[in-house]
Protein chains: 2
Amino acid sequence: MLDAAVRVFSRRGYHAASMDDIAELAGISKPMVYAYLGTKEELFVACLHREGTRMLEAIAGAAAPDLPTDERLWRGLRAFFGFVGAHRDGWAVLYRQARGSQPFAGELAAMRTRMVEVVAGMLAHALRADGREVGETDLEVVAYALVGASESLADWLADHPEADPEQTATRMMSVAWLGAAQLLAGTTWPPPQV
Amino acid sequence: MLDAAVRVFSRRGYHAASMDDIAELAGISKPMVYAYLGTKEELFVACLHREGTRMLEAIAGAAAPDLPTDERLWRGLRAFFGFVGAHRDGWAVLYRQARGSQPFAGELAAMRTRMVEVVAGMLAHALRADGREVGETDLEVVAYALVGASESLADWLADHPEADPEQTATRMMSVAWLGAAQLLAGTTWPPPQV
DNA sequence: GCGTAACCTTACGCACGAGTAGGTATGCTC
DNA sequence: GAGCATACCTACTCGTGCGTAAGGTTACGC
C-alpha cells in the first residue's frame with residue numbers, strides 16, 4: 001500500500017505526484033487513500049518514516065558497538081549501500097525529494113543528524129581509546145563529510161543499476177579510511193572478505 | 001533583478017515560491033517579470049545558470065591545471081567553500097531546490113558531472129605522472145565521494161553562519177586527503193598559510 | 001493643446017489538484 | 001427475505017497560482 005506511494009513519490013517528486021496517480025497505481029480510489037492514510041502530507045511523512053526506520057535499523061543492526069572502529073565503519077557502509085541497492089525508490093524518496101521541501105526538512109534533518117552523531121561517536125570512541133582529545137566541532141564536521149560522501153555514492157549507485165553495492169561500499173571505505181593521498185600512492189584497503 | 005528571484009527561491013523553494021512574491025520583492029509587477037524573463041521555469045533555469053556559472057568560474061579560476069595535485073585540491077576547495085559562504089542563497093537554490101525536481105535535474109546533473117570530471121581528471125593526471133594505471137570507474141567513484149563530501153560540508157556551512165569557510169575547507173582537505181585512519185592516528189594536514 | 005507610443009498596473013481566465021459528499025454494491029443479522 | 005452496516009467509487013467544490021488581456025500614466029512630437 002505504502003509501496004505504491006513510495007514508487008510514485010520517487011518518480012514524480014512530492015509536488016508533481018498527485019493523489020490520483022497514487023490511488024491508481026495502488027489499484028484503489030482516492031477516498032480510500034484518504035481513509036487509510038490521511039492527507040498527502042501525512043502520507044509522505046509515513047513513507048519517510050518507514051523507509052528511514054528500515055534504513056537506520058539495517059545499519060544499526062550491522063555495526064555492533066563493540067567492534068573495532070574500522071570494522072564498524074566497513075559493516076555500516078556495507079549495510080547502507082546494500083539498503084540503497086535494494087530499495088532505490090525508497091532512497092530517492094528519502095533523499096532526493098525531502099531536501100528543501102520545508103515541511104519535511106525537519107524529518108530528514110533529524111535522521112541525518114542521528115547518522116552524523118553515530119559516526120562522530122564512533123570516531124570519538126576510537127580517539128579516546130587512543131588517549132587523545134579533539135575538538136567536538138572537528139569531529140562533527142568530519143562525520144558530516146563522511147556521511148555526505150556516502151550519500152553521494154548512494155546517488156551514483158541508484159543511477160547505475162548495474163553497479164554492485166558491495167563494491168561501492170569498498171570504494172567508499174577506501175577513500176574514507178585511507179584518503180586520496182594514500183590511494184594515489186598505491187595503498188589499498190583490504191576488505192575482510194575478498 | 002535575478003537576485004530577488006534567487007532570494008525567494010532559496011527561502012520558499014521552487015514550488016512554494018509564487019511569481020507574485022518574486023515580483024513584489026523585486027519591486028515591480030508580475031507582467032514585467034514575464035516580459036523580461038519569461039515563464040517561471042525559464043526564470044528558475046536562469047537563476048540556476050547564473051549561480052552555477054559563477055561557482056564553476058570561481059573554482060576553475062582558483063585551481064590552475066599546472067599546480068601539483070594537493071595544491072589544486074586545496075585551492076579548489078577553498079574557492080568552493082568561499083563561494084558558498086559568500087552566496088548562501090545561491091547555494092541553496094543550486095543544490096537544495098534543484099534536486100529531485102524533474103525539469104531541472106538535468107541542469108544540475110550536468111554541472112555536477114563537470115565537477116566530478118574535473119576532480120577525476122586531476123586524480124588521473126596525478127596517477128599517470130606516477131606511472132600507474134587505475135580503472136576509470138574507480139576514479140569516477142572516488143571523485144563522486146569527494147564531491148559529495150564537499151557538498152555535505154557546504155550544507156553544514158550554509159546552516160552555520162558563524163563558521164569560517166576557510167577552516168571548513170581545511171577540514172575537508174584533511175579528511176579527503178589523509179583519510180579517517182590518518183586523522184585518528186594524529187596526522188594533520190598542513191595548510192599552506194596558517 | 002492633442003495624438004501617440006512606450007511602459008506599467010490591475011484584474012481576470014483557466015487549469016490542476018487536494019479533499020469530500022452522496023450514492024451503490026456486498027455481506028451479515030434476525 | 002427485510003434491515004443494516006461496511007467497503008468502496010463517481011462526481012463534485014474550492015482554493016491556489018500561472019500566465020495574459022484590457023486599461024491607466026507619463027513623456028514626447030506636432
# chains A, B, ... in the order shown; residues from 1 in each chain; ligands from 1
$ closest_atom_pairs --of "chain A" --to "chain B" --cutoff "9 Å" --atoms "only C-alpha atoms" --output "CSV"
residue,atom,partner,partner_atom,distance
A:Ser10,CA,B:Gly100,CA,8.6
A:Arg11,CA,B:Gln102,CA,8.6
A:Arg12,CA,B:Gln102,CA,7.1
A:Gly13,CA,B:Gly100,CA,6.3
A:Tyr14,CA,B:Ser101,CA,8.8
A:His15,CA,B:His15,CA,7.5
A:Ala16,CA,B:Ser101,CA,8.6
A:Asp70,CA,B:Ala181,CA,8.3
A:Ala92,CA,B:Gly100,CA,8.2
A:Val93,CA,B:Gly100,CA,9.0
A:Tyr95,CA,B:Gly100,CA,8.8
A:Arg96,CA,B:Gly100,CA,5.0
A:Gln97,CA,B:Gly100,CA,5.4
A:Ala98,CA,B:Gly100,CA,8.7
A:Arg99,CA,B:Arg96,CA,5.9
A:Gly100,CA,B:Arg96,CA,5.1
A:Ser101,CA,B:Gly13,CA,6.6
A:Gln102,CA,B:Arg12,CA,7.5
A:Leu123,CA,B:Leu184,CA,7.6
A:Ala126,CA,B:Leu184,CA,7.4
A:Leu127,CA,B:Leu184,CA,6.2
A:Asp130,CA,B:Leu184,CA,8.5
A:Arg132,CA,B:Gly186,CA,8.4
A:Asp138,CA,B:Arg171,CA,7.4
A:Val141,CA,B:Leu153,CA,7.0
A:Val142,CA,B:Val175,CA,6.6
A:Tyr144,CA,B:Leu153,CA,6.3
A:Ala145,CA,B:Ala149,CA,4.4
A:Leu146,CA,B:Ala149,CA,6.2
A:Val147,CA,B:Ala149,CA,7.2
A:Gly148,CA,B:Ala149,CA,4.5
A:Ala149,CA,B:Ala149,CA,4.1
A:Ser150,CA,B:Ala145,CA,6.7
A:Glu151,CA,B:Gly148,CA,7.0
A:Ser152,CA,B:Gly148,CA,4.7
A:Leu153,CA,B:Ala145,CA,5.9
A:Trp156,CA,B:Tyr144,CA,7.7
A:Thr168,CA,B:Val141,CA,8.0
A:Arg171,CA,B:Val142,CA,7.0
A:Met172,CA,B:Ala145,CA,7.1
A:Ser174,CA,B:Gly179,CA,8.5
A:Val175,CA,B:Val142,CA,6.6
A:Ala176,CA,B:Gly179,CA,5.3
A:Trp177,CA,B:Ala180,CA,4.7
A:Leu178,CA,B:Gly179,CA,4.4
A:Gly179,CA,B:Gly179,CA,3.6
A:Ala180,CA,B:Trp177,CA,4.6
A:Ala181,CA,B:Trp177,CA,5.2
A:Gln182,CA,B:Leu178,CA,7.2
A:Leu184,CA,B:Leu127,CA,6.2
A:Ala185,CA,B:Leu127,CA,8.3
A:Gly186,CA,B:Arg132,CA,8.4
$ closest_atom_pairs --of "chain C" --to "chain A" --cutoff "9 Å" --atoms "only C-alpha atoms (C1' of nucleotides)" --output "JSON lines"
{"residue": "C:DG17", "atom": "C1'", "partner": "A:Ser18", "partner_atom": "CA", "distance": 6.9}
{"residue": "C:DA18", "atom": "C1'", "partner": "A:Met19", "partner_atom": "CA", "distance": 7.9}
{"residue": "C:DG19", "atom": "C1'", "partner": "A:Thr39", "partner_atom": "CA", "distance": 8.1}
{"residue": "C:DT20", "atom": "C1'", "partner": "A:Pro31", "partner_atom": "CA", "distance": 8.3}
$ atom_distance --atom1 "atom CA of B:Met111" --atom2 "atom CA of B:His49"
9.4 Å
$ closest_atom_pairs --of "chain D" --to "chain A" --cutoff "12 Å" --atoms "only C-alpha atoms (C1' of nucleotides)" --output "tab-separated table"
residue	atom	partner	partner_atom	distance
D:DA7	C1'	A:Met32	CA	9.3
D:DC8	C1'	A:Met32	CA	7.6
D:DC9	C1'	A:Ser29	CA	6.8
D:DT10	C1'	A:Ser29	CA	9.8
$ atom_distance --atom1 "atom CA of B:Arg72" --atom2 "atom CA of B:Gly85"
19.8 Å
$ atom_distance --atom1 "atom CA of A:Ala26" --atom2 "atom CA of A:Val6"
10.6 Å
$ residues_around --residues "D:DG23" --least-positions-apart "3" --cutoff "12 Å" --atoms "only C-alpha atoms (C1' of nucleotides)" --output "JSON, numbers by chain"
{"C": [8, 9, 10, 11]}
$ select_by_dssp --residues "chain A" --states "alpha helix (DSSP H)" --output "JSON, numbers by chain"
{"A": [2, 3, 4, 5, 6, 7, 8, 9, 10, 11, 12, 19, 20, 21, 22, 23, 24, 25, 26, 30, 31, 32, 33, 34, 35, 36, 37, 40, 41, 42, 43, 44, 45, 46, 47, 48, 49, 50, 51, 52, 53, 54, 55, 56, 57, 58, 59, 60, 61, 62, 69, 70, 71, 72, 73, 74, 75, 76, 77, 78, 79, 80, 81, 82, 83, 84, 85, 86, 88, 89, 90, 91, 102, 103, 104, 105, 106, 107, 108, 109, 110, 111, 112, 113, 114, 115, 116, 117, 118, 119, 120, 121, 122, 123, 124, 125, 126, 127, 128, 129, 136, 137, 138, 139, 140, 141, 142, 143, 144, 145, 146, 147, 148, 149, 150, 151, 152, 153, 154, 155, 156, 157, 158, 159, 165, 166, 167, 168, 169, 170, 171, 172, 173, 174, 175, 176, 177, 178, 179, 180, 181, 182, 183, 184, 185]}
$ write_last_selection --atoms "C-alpha atoms" --output "short mmCIF file (atom, residue, chain, number, x, y, z; two decimals), in the first residue's frame"
data_model
loop_
_atom_site.label_atom_id
_atom_site.label_comp_id
_atom_site.auth_asym_id
_atom_site.auth_seq_id
_atom_site.Cartn_x
_atom_site.Cartn_y
_atom_site.Cartn_z
CA LEU A 2 2.67 2.47 1.02
CA ASP A 3 4.79 0.86 -1.68
CA ALA A 4 2.71 2.48 -4.39
CA ALA A 5 3.11 5.88 -2.74
CA VAL A 6 6.87 5.44 -2.48
CA ARG A 7 7.05 4.47 -6.14
CA VAL A 8 5.08 7.49 -7.31
CA PHE A 9 6.83 9.93 -4.99
CA SER A 10 10.22 8.67 -6.07
CA ARG A 11 9.46 9.01 -9.77
CA ARG A 12 7.49 12.24 -9.97
CA MET A 19 -3.10 11.57 -5.12
CA ASP A 20 -4.96 10.26 -8.18
CA ASP A 21 -1.71 8.81 -9.50
CA ILE A 22 -1.02 7.08 -6.22
CA ALA A 23 -4.54 5.76 -5.92
CA GLU A 24 -4.44 4.46 -9.48
CA LEU A 25 -1.12 2.66 -9.02
CA ALA A 26 -2.33 1.20 -5.74
CA LYS A 30 -8.71 8.30 -3.95
CA PRO A 31 -11.11 8.44 -0.99
CA MET A 32 -9.67 5.13 0.19
CA VAL A 33 -6.21 6.61 0.29
CA TYR A 34 -7.55 9.42 2.44
CA ALA A 35 -9.46 6.99 4.65
CA TYR A 36 -6.44 4.79 5.31
CA LEU A 37 -3.53 7.21 5.35
CA LYS A 40 -0.96 13.93 1.27
CA GLU A 41 1.47 15.37 3.78
CA GLU A 42 0.77 12.65 6.34
CA LEU A 43 1.16 10.06 3.60
CA PHE A 44 4.54 11.40 2.63
CA VAL A 45 5.71 11.55 6.22
CA ALA A 46 4.58 7.95 6.62
CA CYS A 47 6.70 6.94 3.63
CA LEU A 48 9.63 8.90 5.01
CA HIS A 49 9.29 7.26 8.39
CA ARG A 50 9.02 3.73 7.10
CA GLU A 51 11.95 3.97 4.72
CA GLY A 52 14.04 5.89 7.22
CA THR A 53 13.41 3.43 10.00
CA ARG A 54 14.22 0.50 7.76
CA MET A 55 17.46 2.09 6.71
CA LEU A 56 18.59 3.06 10.19
CA GLU A 57 17.76 -0.39 11.51
CA ALA A 58 19.67 -2.05 8.70
CA ILE A 59 22.74 -0.01 9.54
CA ALA A 60 22.47 -0.21 13.30
CA GLY A 61 21.95 -3.96 13.10
CA ALA A 62 25.12 -4.41 11.10
CA THR A 69 36.28 1.22 14.51
CA ASP A 70 37.35 0.22 11.04
CA GLU A 71 35.25 -2.91 11.20
CA ARG A 72 32.21 -0.95 12.35
CA LEU A 73 32.69 1.58 9.59
CA TRP A 74 33.02 -1.15 7.00
CA ARG A 75 29.94 -3.05 8.15
CA GLY A 76 27.89 0.12 8.41
CA LEU A 77 28.85 1.16 4.92
CA ARG A 78 28.09 -2.27 3.55
CA ALA A 79 24.67 -2.27 5.16
CA PHE A 80 23.98 1.25 3.93
CA PHE A 81 24.88 0.60 0.31
CA GLY A 82 23.14 -2.74 0.43
CA PHE A 83 19.97 -0.99 1.53
CA VAL A 84 20.20 1.64 -1.18
CA GLY A 85 20.82 -1.01 -3.82
CA ALA A 86 17.82 -2.99 -2.69
CA ARG A 88 16.37 2.53 -4.78
CA ASP A 89 12.90 4.04 -4.75
CA GLY A 90 12.99 4.40 -1.00
CA TRP A 91 16.34 6.12 -1.19
CA GLN A 102 10.19 22.94 4.00
CA PRO A 103 7.56 20.80 5.77
CA PHE A 104 9.78 17.72 5.71
CA ALA A 105 13.20 19.20 6.03
CA GLY A 106 12.95 18.67 9.78
CA GLU A 107 12.17 14.98 9.49
CA LEU A 108 15.07 14.33 7.21
CA ALA A 109 17.47 16.57 9.08
CA ALA A 110 16.74 14.68 12.28
CA MET A 111 17.58 11.37 10.63
CA ARG A 112 20.71 12.75 9.11
CA THR A 113 21.74 14.20 12.43
CA ARG A 114 21.36 10.82 14.05
CA MET A 115 23.63 9.26 11.45
CA VAL A 116 26.20 12.00 11.87
CA GLU A 117 26.10 11.56 15.63
CA VAL A 118 26.66 7.84 15.28
CA VAL A 119 29.67 8.35 13.03
CA ALA A 120 31.06 11.11 15.23
CA GLY A 121 30.57 8.97 18.31
CA MET A 122 32.42 6.15 16.63
CA LEU A 123 35.38 8.36 15.84
CA ALA A 124 35.36 9.90 19.31
CA HIS A 125 35.36 6.45 20.86
CA ALA A 126 38.36 5.41 18.80
CA LEU A 127 40.18 8.60 19.76
CA ARG A 128 39.51 8.21 23.46
CA ALA A 129 40.68 4.63 23.38
CA GLU A 136 33.86 18.47 19.09
CA THR A 137 33.23 20.60 16.04
CA ASP A 138 36.09 18.95 14.18
CA LEU A 139 34.62 15.54 14.80
CA GLU A 140 31.16 16.67 13.75
CA VAL A 141 32.46 18.16 10.54
CA VAL A 142 34.48 15.08 9.63
CA ALA A 143 31.40 12.97 10.29
CA TYR A 144 29.37 15.27 8.03
CA ALA A 145 31.90 14.80 5.28
CA LEU A 146 31.78 11.02 5.58
CA VAL A 147 28.00 10.95 5.60
CA GLY A 148 27.87 13.32 2.63
CA ALA A 149 30.32 11.25 0.65
CA SER A 150 28.26 8.14 1.33
CA GLU A 151 25.09 9.86 0.24
CA SER A 152 26.74 10.98 -2.94
CA LEU A 153 27.87 7.46 -3.74
CA ALA A 154 24.40 6.22 -2.90
CA ASP A 155 23.04 8.55 -5.56
CA TRP A 156 25.58 7.25 -8.01
CA LEU A 157 24.58 3.71 -7.13
CA ALA A 158 20.89 4.48 -7.54
CA ASP A 159 21.55 5.78 -11.05
CA PRO A 165 26.58 -2.26 -3.79
CA GLU A 166 29.33 -4.31 -2.16
CA GLN A 167 32.00 -2.89 -4.41
CA THR A 168 30.63 0.61 -3.92
CA ALA A 169 30.98 0.13 -0.17
CA THR A 170 34.57 -0.99 -0.68
CA ARG A 171 35.36 2.13 -2.67
CA MET A 172 33.76 4.36 -0.08
CA MET A 173 35.71 2.64 2.65
CA SER A 174 38.93 3.17 0.72
CA VAL A 175 38.55 6.87 0.24
CA ALA A 176 37.13 7.49 3.71
CA TRP A 177 39.65 5.49 5.61
CA LEU A 178 42.79 5.91 3.58
CA GLY A 179 42.33 9.29 1.95
CA ALA A 180 43.15 10.35 -1.58
CA ALA A 181 46.88 10.66 -0.96
CA GLN A 182 47.15 7.03 0.16
CA LEU A 183 45.06 5.91 -2.80
CA LEU A 184 47.31 7.78 -5.20
CA ALA A 185 50.33 6.26 -3.52
#
$ residues_around --residues "C:DA6" --least-positions-apart "3" --cutoff "12 Å" --atoms "only C-alpha atoms (C1' of nucleotides)" --output "VMD selection string"
chain D and resid 25 to 28
$ write_last_selection --atoms "C-alpha atoms (C1' of nucleotides)" --output "PDB file, in the first residue's frame"
ATOM      1  C1'  DT D  25       0.015  57.079 -16.814  1.00  0.00           C
ATOM      2  C1'  DT D  26       3.921  59.699 -18.417  1.00  0.00           C
ATOM      3  C1'  DA D  27       6.738  61.762 -21.983  1.00  0.00           C
ATOM      4  C1'  DC D  28       7.419  63.385 -26.439  1.00  0.00           C
TER       5       DC D  28
END
